[in-house]
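Structure file model22.cif; described as mmCIF, C-alpha atoms and all ligand atoms.
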```
data_query
loop_
_atom_site.group_PDB
_atom_site.id
_atom_site.type_symbol
_atom_site.label_atom_id
_atom_site.label_comp_id
_atom_site.auth_asym_id
_atom_site.auth_seq_id
_atom_site.Cartn_x
_atom_site.Cartn_y
_atom_site.Cartn_z
ATOM 1 C CA MET A 1 0.000 0.000 0.000
ATOM 2 C CA ASN A 2 1.590 3.306 -0.992
ATOM 3 C CA LEU A 3 0.972 6.828 -2.220
ATOM 4 C CA SER A 4 1.529 6.072 -5.898
ATOM 5 C CA LEU A 5 -1.314 7.021 -8.231
ATOM 6 C CA GLU A 6 0.196 5.396 -11.329
ATOM 7 C CA ASN A 7 -2.440 4.099 -13.759
ATOM 8 C CA ARG A 8 -5.137 6.192 -12.124
ATOM 9 C CA THR A 9 -7.178 9.127 -13.404
ATOM 10 C CA TYR A 10 -8.654 11.965 -11.327
ATOM 11 C CA VAL A 11 -11.009 14.795 -12.213
ATOM 12 C CA ILE A 12 -10.032 18.199 -10.790
ATOM 13 C CA MET A 13 -12.835 20.769 -10.783
ATOM 14 C CA GLY A 14 -12.231 24.424 -9.941
ATOM 15 C CA VAL A 15 -8.783 25.538 -11.091
ATOM 16 C CA ALA A 16 -8.926 29.296 -11.772
ATOM 17 C CA ASN A 17 -5.214 30.151 -11.678
ATOM 18 C CA LYS A 18 -1.894 29.007 -10.229
ATOM 19 C CA ARG A 19 -2.912 30.090 -6.717
ATOM 20 C CA SER A 20 -6.008 27.868 -6.716
ATOM 21 C CA ILE A 21 -6.285 25.143 -4.106
ATOM 22 C CA ALA A 22 -7.414 22.891 -6.967
ATOM 23 C CA TRP A 23 -4.063 23.519 -8.656
ATOM 24 C CA GLY A 24 -2.184 22.555 -5.470
ATOM 25 C CA ILE A 25 -4.170 19.315 -5.484
ATOM 26 C CA ALA A 26 -3.432 18.774 -9.189
ATOM 27 C CA ARG A 27 0.321 19.127 -8.635
ATOM 28 C CA SER A 28 0.384 16.660 -5.743
ATOM 29 C CA LEU A 29 -1.657 14.065 -7.646
ATOM 30 C CA SER A 30 0.358 14.587 -10.821
ATOM 31 C CA ASN A 31 3.674 14.194 -8.966
ATOM 32 C CA ALA A 32 2.348 10.861 -7.668
ATOM 33 C CA GLY A 33 1.890 9.669 -11.265
ATOM 34 C CA ALA A 34 -1.820 10.342 -11.792
ATOM 35 C CA ARG A 35 -3.451 11.261 -15.073
ATOM 36 C CA LEU A 36 -5.634 14.345 -14.666
ATOM 37 C CA VAL A 37 -8.813 15.722 -16.173
ATOM 38 C CA PHE A 38 -9.517 19.413 -15.501
ATOM 39 C CA THR A 39 -12.930 21.033 -15.711
ATOM 40 C CA TYR A 40 -13.421 24.789 -15.816
ATOM 41 C CA ALA A 41 -16.487 27.041 -15.718
ATOM 42 C CA GLY A 42 -16.671 29.707 -18.361
ATOM 43 C CA GLU A 43 -14.304 30.627 -21.176
ATOM 44 C CA ARG A 44 -12.698 33.161 -18.890
ATOM 45 C CA PHE A 45 -10.639 30.427 -17.205
ATOM 46 C CA GLU A 46 -10.042 28.116 -20.155
ATOM 47 C CA LYS A 47 -6.647 29.489 -21.200
ATOM 48 C CA ASN A 48 -5.327 29.562 -17.617
ATOM 49 C CA VAL A 49 -6.323 25.950 -17.088
ATOM 50 C CA ARG A 50 -4.908 24.796 -20.449
ATOM 51 C CA ASP A 51 -1.596 26.552 -19.812
ATOM 52 C CA LEU A 52 -1.339 25.075 -16.319
ATOM 53 C CA ALA A 53 -2.257 21.581 -17.530
ATOM 54 C CA GLU A 54 0.449 21.841 -20.204
ATOM 55 C CA SER A 55 3.037 22.747 -17.591
ATOM 56 C CA LEU A 56 2.642 19.302 -15.988
ATOM 57 C CA GLU A 57 5.142 16.579 -16.813
ATOM 58 C CA ARG A 58 2.447 14.325 -18.298
ATOM 59 C CA SER A 59 1.039 15.615 -21.543
ATOM 60 C CA ASP A 60 -2.139 13.530 -21.513
ATOM 61 C CA SER A 61 -4.320 15.792 -19.339
ATOM 62 C CA LEU A 62 -7.804 16.512 -20.579
ATOM 63 C CA VAL A 63 -9.335 20.004 -20.194
ATOM 64 C CA ILE A 64 -13.109 20.323 -20.590
ATOM 65 C CA PRO A 65 -15.816 22.845 -19.726
ATOM 66 C CA CYS A 66 -18.325 22.118 -16.955
ATOM 67 C CA ASP A 67 -20.705 24.683 -15.511
ATOM 68 C CA VAL A 68 -22.049 22.888 -12.439
ATOM 69 C CA THR A 69 -25.315 24.844 -12.434
ATOM 70 C CA ASP A 70 -26.318 22.929 -15.563
ATOM 71 C CA ASP A 71 -27.132 19.196 -15.237
ATOM 72 C CA GLU A 72 -26.726 18.732 -18.996
ATOM 73 C CA GLN A 73 -23.185 20.130 -18.907
ATOM 74 C CA ILE A 74 -22.256 17.830 -16.026
ATOM 75 C CA LYS A 75 -23.649 14.851 -17.951
ATOM 76 C CA GLU A 76 -21.830 15.933 -21.105
ATOM 77 C CA ALA A 77 -18.545 16.490 -19.278
ATOM 78 C CA PHE A 78 -18.577 13.050 -17.644
ATOM 79 C CA GLY A 79 -19.750 11.514 -20.921
ATOM 80 C CA ARG A 80 -16.655 12.950 -22.618
ATOM 81 C CA ILE A 81 -14.456 11.756 -19.775
ATOM 82 C CA LYS A 82 -15.895 8.265 -20.177
ATOM 83 C CA GLU A 83 -15.174 8.320 -23.915
ATOM 84 C CA GLU A 84 -11.640 9.618 -23.561
ATOM 85 C CA VAL A 85 -10.327 7.918 -20.417
ATOM 86 C CA GLY A 86 -12.934 5.320 -19.396
ATOM 87 C CA VAL A 87 -12.625 4.595 -15.700
ATOM 88 C CA ILE A 88 -11.866 7.360 -13.159
ATOM 89 C CA HIS A 89 -10.614 6.888 -9.595
ATOM 90 C CA GLY A 90 -11.595 10.126 -7.959
ATOM 91 C CA VAL A 91 -12.882 13.671 -8.134
ATOM 92 C CA ALA A 92 -11.630 16.810 -6.379
ATOM 93 C CA HIS A 93 -14.552 19.246 -6.134
ATOM 94 C CA CYS A 94 -13.093 22.716 -5.419
ATOM 95 C CA ILE A 95 -15.998 24.933 -6.391
ATOM 96 C CA ALA A 96 -17.840 27.674 -4.503
ATOM 97 C CA PHE A 97 -19.568 30.934 -5.289
ATOM 98 C CA ALA A 98 -21.637 33.587 -3.559
ATOM 99 C CA ASN A 99 -22.494 37.140 -4.573
ATOM 100 C CA VAL A 100 -19.733 39.370 -3.296
ATOM 101 C CA GLU A 101 -22.179 41.863 -1.777
ATOM 102 C CA GLU A 102 -23.562 39.090 0.450
ATOM 103 C CA LEU A 103 -20.126 38.285 1.893
ATOM 104 C CA LYS A 104 -20.066 41.247 4.243
ATOM 105 C CA GLY A 105 -22.267 42.871 6.854
ATOM 106 C CA GLU A 106 -25.192 40.984 8.348
ATOM 107 C CA TYR A 107 -26.120 37.460 7.198
ATOM 108 C CA LEU A 108 -29.687 38.580 7.831
ATOM 109 C CA ASN A 109 -29.644 40.576 4.588
ATOM 110 C CA THR A 110 -29.078 37.518 2.381
ATOM 111 C CA THR A 111 -31.593 37.497 -0.473
ATOM 112 C CA ARG A 112 -33.516 34.406 -1.566
ATOM 113 C CA ASP A 113 -31.729 34.460 -4.932
ATOM 114 C CA GLY A 114 -28.323 34.901 -3.298
ATOM 115 C CA PHE A 115 -29.031 32.065 -0.880
ATOM 116 C CA LEU A 116 -30.098 29.722 -3.676
ATOM 117 C CA LEU A 117 -27.156 30.694 -5.902
ATOM 118 C CA ALA A 118 -24.586 30.038 -3.153
ATOM 119 C CA HIS A 119 -26.182 26.689 -2.292
ATOM 120 C CA ASN A 120 -26.609 25.677 -5.921
ATOM 121 C CA ILE A 121 -22.976 26.205 -6.894
ATOM 122 C CA SER A 122 -21.227 25.511 -3.590
ATOM 123 C CA SER A 123 -23.262 22.610 -2.204
ATOM 124 C CA TYR A 124 -25.700 20.936 -4.613
ATOM 125 C CA SER A 125 -22.995 20.671 -7.271
ATOM 126 C CA LEU A 126 -21.169 18.019 -5.216
ATOM 127 C CA THR A 127 -24.236 15.784 -5.293
ATOM 128 C CA ALA A 128 -24.848 16.361 -8.998
ATOM 129 C CA VAL A 129 -21.199 15.612 -9.798
ATOM 130 C CA ALA A 130 -21.049 12.527 -7.545
ATOM 131 C CA LYS A 131 -24.041 11.063 -9.364
ATOM 132 C CA GLU A 132 -22.300 11.246 -12.750
ATOM 133 C CA ALA A 133 -18.844 10.358 -11.410
ATOM 134 C CA ARG A 134 -20.161 7.202 -9.733
ATOM 135 C CA GLN A 135 -20.879 5.672 -13.132
ATOM 136 C CA LEU A 136 -17.219 6.019 -14.133
ATOM 137 C CA MET A 137 -15.818 4.880 -10.775
ATOM 138 C CA THR A 138 -16.264 1.191 -11.437
ATOM 139 C CA GLU A 139 -13.082 0.308 -9.544
ATOM 140 C CA GLY A 140 -14.123 2.359 -6.478
ATOM 141 C CA GLY A 141 -12.217 5.478 -5.456
ATOM 142 C CA SER A 142 -12.372 8.746 -3.621
ATOM 143 C CA ILE A 143 -14.381 11.949 -3.964
ATOM 144 C CA MET A 144 -13.319 15.021 -2.028
ATOM 145 C CA THR A 145 -14.562 18.547 -1.588
ATOM 146 C CA MET A 146 -13.258 21.743 -0.002
ATOM 147 C CA THR A 147 -14.953 23.275 3.011
ATOM 148 C CA TYR A 148 -14.203 25.944 5.604
ATOM 149 C CA LEU A 149 -14.580 26.459 9.355
ATOM 150 C CA GLY A 150 -17.270 29.078 8.660
ATOM 151 C CA GLY A 151 -19.675 26.188 8.028
ATOM 152 C CA GLU A 152 -19.201 24.912 11.583
ATOM 153 C CA ARG A 153 -19.203 28.199 13.467
ATOM 154 C CA VAL A 154 -19.788 31.860 12.803
ATOM 155 C CA VAL A 155 -16.894 33.554 11.022
ATOM 156 C CA ASN A 156 -17.463 37.261 10.322
ATOM 157 C CA ASN A 157 -18.452 38.050 6.731
ATOM 158 C CA TYR A 158 -18.547 34.416 5.582
ATOM 159 C CA ASN A 159 -22.330 34.634 5.924
ATOM 160 C CA VAL A 160 -24.320 32.754 3.249
ATOM 161 C CA MET A 161 -21.184 30.849 2.253
ATOM 162 C CA GLY A 162 -20.995 29.477 5.784
ATOM 163 C CA VAL A 163 -24.561 28.220 5.548
ATOM 164 C CA ALA A 164 -23.775 26.687 2.143
ATOM 165 C CA LYS A 165 -20.664 24.970 3.589
ATOM 166 C CA ALA A 166 -22.771 23.493 6.415
ATOM 167 C CA SER A 167 -25.012 22.050 3.706
ATOM 168 C CA LEU A 168 -21.990 20.812 1.753
ATOM 169 C CA ASP A 169 -20.567 19.124 4.865
ATOM 170 C CA ALA A 170 -23.838 17.273 5.486
ATOM 171 C CA SER A 171 -24.066 16.319 1.800
ATOM 172 C CA MET A 172 -20.565 14.882 1.984
ATOM 173 C CA LYS A 173 -21.690 12.554 4.796
ATOM 174 C CA TYR A 174 -24.913 11.424 3.088
ATOM 175 C CA LEU A 175 -22.974 10.773 -0.123
ATOM 176 C CA ALA A 176 -20.361 8.790 1.831
ATOM 177 C CA ASN A 177 -23.185 6.629 3.164
ATOM 178 C CA ASP A 178 -24.703 6.094 -0.304
ATOM 179 C CA LEU A 179 -21.453 5.398 -2.131
ATOM 180 C CA GLY A 180 -19.608 3.294 0.440
ATOM 181 C CA LYS A 181 -21.167 0.117 -0.933
ATOM 182 C CA ASP A 182 -19.549 0.879 -4.306
ATOM 183 C CA GLY A 183 -16.138 1.264 -2.695
ATOM 184 C CA ILE A 184 -16.290 5.029 -3.135
ATOM 185 C CA ARG A 185 -15.191 7.204 -0.221
ATOM 186 C CA VAL A 186 -16.330 10.819 0.208
ATOM 187 C CA ASN A 187 -14.451 13.284 2.408
ATOM 188 C CA ALA A 188 -13.815 16.999 2.848
ATOM 189 C CA ILE A 189 -10.742 19.094 3.544
ATOM 190 C CA SER A 190 -11.381 22.151 5.693
ATOM 191 C CA ALA A 191 -8.500 24.422 4.741
ATOM 192 C CA GLY A 192 -7.259 27.444 6.630
ATOM 193 C CA PRO A 193 -7.485 30.741 4.716
ATOM 194 C CA ILE A 194 -5.269 30.893 1.607
ATOM 195 C CA ARG A 195 -4.829 33.884 -0.679
ATOM 196 C CA THR A 196 -6.709 32.542 -3.720
ATOM 197 C CA LEU A 197 -8.853 34.309 -6.303
ATOM 198 C CA ALA A 198 -11.912 33.511 -4.157
ATOM 199 C CA ALA A 199 -10.304 35.428 -1.276
ATOM 200 C CA LYS A 200 -9.528 38.422 -3.465
ATOM 201 C CA GLY A 201 -11.346 41.578 -2.599
ATOM 202 C CA VAL A 202 -11.933 40.402 0.957
ATOM 203 C CA GLY A 203 -11.357 43.536 3.006
ATOM 204 C CA ASP A 204 -9.486 42.335 6.068
ATOM 205 C CA PHE A 205 -7.864 39.202 4.638
ATOM 206 C CA ASN A 206 -4.414 40.369 5.827
ATOM 207 C CA SER A 207 -5.578 40.601 9.418
ATOM 208 C CA ILE A 208 -7.239 37.167 9.173
ATOM 209 C CA LEU A 209 -3.892 35.702 8.034
ATOM 210 C CA LYS A 210 -1.978 37.609 10.716
ATOM 211 C CA ASP A 211 -4.260 36.245 13.447
ATOM 212 C CA ILE A 212 -3.539 32.709 12.244
ATOM 213 C CA GLU A 213 0.222 33.314 12.234
ATOM 214 C CA GLU A 214 -0.006 34.552 15.797
ATOM 215 C CA ARG A 215 -2.466 32.067 17.309
ATOM 216 C CA ALA A 216 -2.720 28.812 15.317
ATOM 217 C CA PRO A 217 -0.854 25.922 16.974
ATOM 218 C CA LEU A 218 1.606 25.702 14.050
ATOM 219 C CA ARG A 219 1.986 29.534 13.954
ATOM 220 C CA ARG A 220 1.771 29.736 10.173
ATOM 221 C CA THR A 221 -0.877 29.952 7.481
ATOM 222 C CA THR A 222 -1.991 27.072 5.282
ATOM 223 C CA THR A 223 -0.405 26.469 1.860
ATOM 224 C CA THR A 224 -1.918 24.920 -1.253
ATOM 225 C CA GLU A 225 0.911 22.337 -1.088
ATOM 226 C CA GLU A 226 -0.308 21.200 2.346
ATOM 227 C CA VAL A 227 -3.842 20.827 1.032
ATOM 228 C CA GLY A 228 -2.536 19.074 -2.103
ATOM 229 C CA ASP A 229 -0.605 16.502 -0.114
ATOM 230 C CA THR A 230 -3.646 15.773 2.059
ATOM 231 C CA ALA A 231 -5.692 15.324 -1.112
ATOM 232 C CA LEU A 232 -3.029 12.864 -2.288
ATOM 233 C CA PHE A 233 -3.555 10.886 0.925
ATOM 234 C CA LEU A 234 -7.341 10.980 0.407
ATOM 235 C CA MET A 235 -7.022 9.807 -3.200
ATOM 236 C CA SER A 236 -4.554 7.028 -2.358
ATOM 237 C CA ASP A 237 -5.238 3.655 -0.757
ATOM 238 C CA LEU A 238 -3.513 4.808 2.436
ATOM 239 C CA SER A 239 -6.820 6.414 3.422
ATOM 240 C CA ARG A 240 -8.874 3.309 2.539
ATOM 241 C CA GLY A 241 -10.606 3.256 5.934
ATOM 242 C CA LEU A 242 -11.599 6.922 5.869
ATOM 243 C CA THR A 243 -14.969 8.164 4.633
ATOM 244 C CA GLY A 244 -17.517 10.772 5.683
ATOM 245 C CA GLU A 245 -14.714 12.695 7.386
ATOM 246 C CA MET A 246 -13.665 16.333 7.492
ATOM 247 C CA LEU A 247 -9.925 16.889 7.791
ATOM 248 C CA HIS A 248 -8.843 20.317 9.065
ATOM 249 C CA ILE A 249 -5.682 21.377 7.250
ATOM 250 C CA ASP A 250 -5.412 24.701 9.009
ATOM 251 C CA SER A 251 -2.306 24.689 11.244
ATOM 252 C CA GLY A 252 -4.646 23.513 14.011
ATOM 253 C CA PHE A 253 -6.599 26.790 14.127
ATOM 254 C CA HIS A 254 -9.961 25.021 14.507
ATOM 255 C CA ILE A 255 -9.130 23.707 18.002
ATOM 256 C CA LEU A 256 -8.930 27.220 19.433
ATOM 257 C CA GLY A 257 -11.870 28.635 21.318
HETATM 258 C C1 LIG B 301 -14.430 34.848 6.229
HETATM 259 C C2 LIG B 301 -13.764 34.810 5.120
HETATM 260 C C3 LIG B 301 -13.533 36.061 4.363
HETATM 261 C C4 LIG B 301 -14.131 36.029 3.004
HETATM 262 C C5 LIG B 301 -15.616 35.935 2.933
HETATM 263 C C6 LIG B 301 -16.182 35.174 2.032
HETATM 264 C C7 LIG B 301 -15.497 34.314 1.061
HETATM 265 C C8 LIG B 301 -16.225 33.475 0.343
HETATM 266 C C9 LIG B 301 -15.639 32.563 -0.688
HETATM 267 C C10 LIG B 301 -16.379 32.621 -2.005
HETATM 268 C C11 LIG B 301 -16.006 31.403 -2.803
HETATM 269 C C12 LIG B 301 -15.969 33.896 -2.717
HETATM 270 C C13 LIG B 301 -16.747 34.260 -3.930
HETATM 271 O O1 LIG B 301 -17.656 33.586 -4.368
HETATM 272 C C14 LIG B 301 -16.317 35.555 -4.585
HETATM 273 C C15 LIG B 301 -17.149 35.935 -5.795
HETATM 274 O O2 LIG B 301 -18.289 36.644 -5.410
HETATM 275 C C16 LIG B 301 -16.336 36.879 -6.710
HETATM 276 N N1 LIG B 301 -15.128 36.233 -7.217
HETATM 277 C C17 LIG B 301 -15.114 35.595 -8.414
HETATM 278 O O3 LIG B 301 -16.052 35.531 -9.155
HETATM 279 C C18 LIG B 301 -13.799 34.954 -8.756
HETATM 280 C C19 LIG B 301 -13.301 35.571 -10.030
HETATM 281 C C20 LIG B 301 -14.020 33.453 -8.858
HETATM 282 C C21 LIG B 301 -12.778 32.705 -9.205
HETATM 283 O O4 LIG B 301 -14.435 33.047 -7.600
HETATM 284 C C22 LIG B 301 -15.351 32.043 -7.537
HETATM 285 N N2 LIG B 301 -15.728 31.706 -6.318
HETATM 286 O O5 LIG B 301 -15.766 31.525 -8.530
HETATM 287 C C23 LIG B 301 -13.323 33.515 4.531
HETATM 288 C C24 LIG B 301 -11.833 33.410 4.341
HETATM 289 C C25 LIG B 301 -11.095 33.609 5.664
HETATM 290 C C26 LIG B 301 -11.501 32.011 3.795
HETATM 291 C C27 LIG B 301 -12.031 31.771 2.402
HETATM 292 C C28 LIG B 301 -11.580 32.685 1.333
HETATM 293 C C29 LIG B 301 -12.892 30.735 2.230
HETATM 294 C C30 LIG B 301 -13.475 30.284 0.962
HETATM 295 O O6 LIG B 301 -14.524 29.626 1.005
HETATM 296 O O7 LIG B 301 -12.895 30.527 -0.107
#
```

Using structure tokens, write down the structure that the file contains.
Ligand code: KAL
Amino acid sequence: MNLSLENRTYVIMGVANKRSIAWGIARSLSNAGARLVFTYAGERFEKNVRDLAESLERSDSLVIPCDVTDDEQIKEAFGRIKEEVGVIHGVAHCIAFANVEELKGEYLNTTRDGFLLAHNISSYSLTAVAKEARQLMTEGGSIMTMTYLGGERVVNNYNVMGVAKASLDASMKYLANDLGKDGIRVNAISAGPIRTLAAKGVGDFNSILKDIEERAPLRRTTTTEEVGDTALFLMSDLSRGLTGEMLHIDSGFHILG
């Protein structure tokens, strides 16, 4: 039993640029010998993702569009993956979205549309993707998603995204229960704050990072490499007994009161 992912294929959803957590995951899996399939949402990110995929040592990555708000696109994307690679061994779901104006001030002001949008993209998409991925995971495997502490307790400004993460966390567990009989494990990584595109424009992000450097048990902020290497563990057989679990890769910040 080892960490090698030779002869395995993984779908990575949610690379926006080189700072993306999804890209940290891609590098760790690729270094372990995996073949990768990247999905992106919207033409805006296509070139970034293609350029990044080409920078990997293996030249057989697949890059395909997949807007997770559209069931047809999810079906089409996994249909193409089936045609081109056949069996897959895992999916890294690294997708979230909420309207920027609802990520500050009082949660109370969340609109119905904003609530549904955040839950649609950030939570329901995992279920929709798992349903299609299951059909290609005939040898079993591992599905993982990204969550954040703001789904477990109140974190200022996280607001509707926190409520969506709570829903995502519960979905992860129900999916783990459904898919266990097919040898498919479902887990989540709860990462500490990282300066990604999603974090851009967040007013006091510097002070959030500074607080972690000062107070987290490891006294440093989380890196995409740390998340990537945990994803490698989750995708490998070393984690074969682990499902329905949330792993906090956050320098231990979550244990503080
Ligand atoms: C308490 C924290 C501070 C930040 C508050 C909310 C962060 C929410 C994350 C969410 C994914 C951000 C967005 O959806 C931003 C979106 O409205 C505008 N940005 C975009 O459209 C860019 C271009 C694309 C790439 O972004 C998306 N999402 O598609 C939370 C911090 C401390 C930790 C973080 C950043 C957690 C997290 O969930 O990312």

Between A:Gly86, A:Gly252, A:Gly244, A:Gly201, smallest distance to A:Glu101 by only C-alpha atoms belongs to A:Gly201

For this session: List all protein, DNA and RNA residues that have at least one atom no more than 10 Å from any atom of ligand LIG 301 (chain B), counting only C-alpha atoms and all ligand atoms, and write them as a PyMOL selection string.
Result: chain A and resi 14-17+20-21+41+44-45+94-104+118+121-122+146-151+154-162+164-165+190-209

- Query: Using all atoms listed in the file, which of the listed residues (A:Val87, A:Ile25, A:Leu36, A:Ala92) sits closest to A:Val63?
  - Reply: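 Counting all atoms listed in the file, the residue closest to A:Val63 is A:Leu36.
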
Written as JSON, numbers by chain, which residues does the PyMOL selection byres (((chain A and resi 220-231) around 10) and not hetatm) give for the file shown? {"A": [18, 19, 20, 21, 22, 23, 24, 25, 26, 27, 28, 29, 32, 92, 142, 143, 144, 145, 146, 187, 188, 189, 190, 191, 192, 193, 194, 195, 196, 208, 209, 210, 211, 212, 213, 214, 215, 216, 217, 218, 219, 232, 233, 234, 235, 236, 239, 247, 248, 249, 250, 251, 252, 253]}

For this session: Could you jot down the atom CA of A:Glu76 to atom CA of A:Gly90 separation for me, Å, one decimal place?
Result: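 Interatomic distance here is 17.6 Å.
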
Using only C-alpha atoms, the residue out of A:Ile81, A:Met137, A:Met172, A:Leu238 with shortest distance to A:Ser123 is A:Met172

Who sits within 9 Å of A:Ala128, only C-alpha atoms, same chain under 4 positions skipped, as a PDB file with C-alpha atoms, in the coordinates of the input:
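Output below, filename selection28.pdb:
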```pdb
ATOM      1  CA  VAL A  68     -22.049  22.888 -12.439  1.00  0.00           C
ATOM      2  CA  ASP A  71     -27.132  19.196 -15.237  1.00  0.00           C
ATOM      3  CA  ILE A  74     -22.256  17.830 -16.026  1.00  0.00           C
ATOM      4  CA  TYR A 124     -25.700  20.936  -4.613  1.00  0.00           C
ATOM      5  CA  GLU A 132     -22.300  11.246 -12.750  1.00  0.00           C
ATOM      6  CA  ALA A 133     -18.844  10.358 -11.410  1.00  0.00           C
TER       7      ALA A 133
END
```

message = One decimal, in Å: what's the spacing between atom CA of A:Thr243 and atom CA of A:Arg185?
response =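 Computing the Euclidean distance for atom CA of A:Thr243 and atom CA of A:Arg185 yields 5.0 Å.
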
- Query: Leaving out A:Asp67 and any residue of its chain fewer than 2 positions from it, which residues lie within 8 Å of it when counting only C-alpha atoms, given as an MDAnalysis selection string?
  - Reply: chainID A and resid 40:42 65 69:70 73:74

- Item | Protein, DNA and RNA residues within 12 Å of (-2.6, 1.9, -10.4), only C-alpha atoms, as a ChimeraX atom specification | /A:1-10,32-35,87-89,139,141,235-237

Residues within 9 Å of (-1.4, 20.0, -23.3), counting only C-alpha atoms, listed as a PyMOL selection string: chain A and resi 50-56+58-63

Exercise for review: Run through the PyMOL selection byres (((chain A and resi 175) around 8) and not hetatm) on the given coordinates and return the selected residues as number ranges by chain.
Suggested key: A: 127, 130, 171-174, 176-179, 186, 244

- Task: One decimal, Å: what's the distance from atom CA of A:Lys75 over to atom CA of A:Asp182, could you say?
- Result: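 Computing the Euclidean distance for atom CA of A:Lys75 and atom CA of A:Asp182 yields 20.0 Å.
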
All heavy atoms are needed for stretch 16-21 of chain A; please write them out as a PDB file, in the frame of the given file.
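New file selection08.pdb:
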```
ATOM      1  N   ALA A  16      -8.748  27.985 -11.145  1.00  0.00           N
ATOM      2  CA  ALA A  16      -8.926  29.296 -11.772  1.00  0.00           C
ATOM      3  C   ALA A  16      -7.571  29.851 -12.201  1.00  0.00           C
ATOM      4  O   ALA A  16      -7.422  30.388 -13.291  1.00  0.00           O
ATOM      5  CB  ALA A  16      -9.613  30.269 -10.817  1.00  0.00           C
ATOM      6  N   ASN A  17      -6.570  29.699 -11.334  1.00  0.00           N
ATOM      7  CA  ASN A  17      -5.214  30.151 -11.678  1.00  0.00           C
ATOM      8  C   ASN A  17      -4.206  29.391 -10.818  1.00  0.00           C
ATOM      9  O   ASN A  17      -4.579  28.461 -10.093  1.00  0.00           O
ATOM     10  CB  ASN A  17      -5.085  31.676 -11.521  1.00  0.00           C
ATOM     11  CG  ASN A  17      -5.326  32.122 -10.082  1.00  0.00           C
ATOM     12  OD1 ASN A  17      -5.128  31.361  -9.137  1.00  0.00           O
ATOM     13  ND2 ASN A  17      -5.775  33.351  -9.928  1.00  0.00           N
ATOM     14  N   LYS A  18      -2.931  29.806 -10.890  1.00  0.00           N
ATOM     15  CA  LYS A  18      -1.894  29.007 -10.229  1.00  0.00           C
ATOM     16  C   LYS A  18      -1.981  29.059  -8.696  1.00  0.00           C
ATOM     17  O   LYS A  18      -1.365  28.252  -8.014  1.00  0.00           O
ATOM     18  CB  LYS A  18      -0.502  29.412 -10.709  1.00  0.00           C
ATOM     19  CG  LYS A  18      -0.058  30.828 -10.377  1.00  0.00           C
ATOM     20  CD  LYS A  18       1.365  31.024 -10.917  1.00  0.00           C
ATOM     21  CE  LYS A  18       2.109  32.209 -10.371  1.00  0.00           C
ATOM     22  NZ  LYS A  18       1.482  33.495 -10.287  1.00  0.00           N
ATOM     23  N   ARG A  19      -2.732  30.016  -8.173  1.00  0.00           N
ATOM     24  CA  ARG A  19      -2.912  30.090  -6.717  1.00  0.00           C
ATOM     25  C   ARG A  19      -4.047  29.209  -6.213  1.00  0.00           C
ATOM     26  O   ARG A  19      -4.268  29.084  -5.012  1.00  0.00           O
ATOM     27  CB  ARG A  19      -3.238  31.525  -6.306  1.00  0.00           C
ATOM     28  CG  ARG A  19      -2.079  32.466  -6.433  1.00  0.00           C
ATOM     29  CD  ARG A  19      -2.574  33.899  -6.246  1.00  0.00           C
ATOM     30  NE  ARG A  19      -1.473  34.825  -6.316  1.00  0.00           N
ATOM     31  CZ  ARG A  19      -1.050  35.569  -5.289  1.00  0.00           C
ATOM     32  NH1 ARG A  19      -1.671  35.514  -4.141  1.00  0.00           N
ATOM     33  NH2 ARG A  19      -0.041  36.382  -5.429  1.00  0.00           N
ATOM     34  N   SER A  20      -4.826  28.651  -7.115  1.00  0.00           N
ATOM     35  CA  SER A  20      -6.008  27.868  -6.716  1.00  0.00           C
ATOM     36  C   SER A  20      -5.629  26.654  -5.877  1.00  0.00           C
ATOM     37  O   SER A  20      -4.629  25.983  -6.154  1.00  0.00           O
ATOM     38  CB  SER A  20      -6.746  27.363  -7.957  1.00  0.00           C
ATOM     39  OG  SER A  20      -7.305  28.420  -8.683  1.00  0.00           O
ATOM     40  N   ILE A  21      -6.461  26.369  -4.892  1.00  0.00           N
ATOM     41  CA  ILE A  21      -6.285  25.143  -4.106  1.00  0.00           C
ATOM     42  C   ILE A  21      -6.365  23.937  -5.044  1.00  0.00           C
ATOM     43  O   ILE A  21      -5.598  22.981  -4.915  1.00  0.00           O
ATOM     44  CB  ILE A  21      -7.347  25.063  -2.991  1.00  0.00           C
ATOM     45  CG1 ILE A  21      -7.080  26.168  -1.955  1.00  0.00           C
ATOM     46  CG2 ILE A  21      -7.354  23.687  -2.348  1.00  0.00           C
ATOM     47  CD1 ILE A  21      -8.137  26.282  -0.858  1.00  0.00           C
TER      48      ILE A  21
END
```
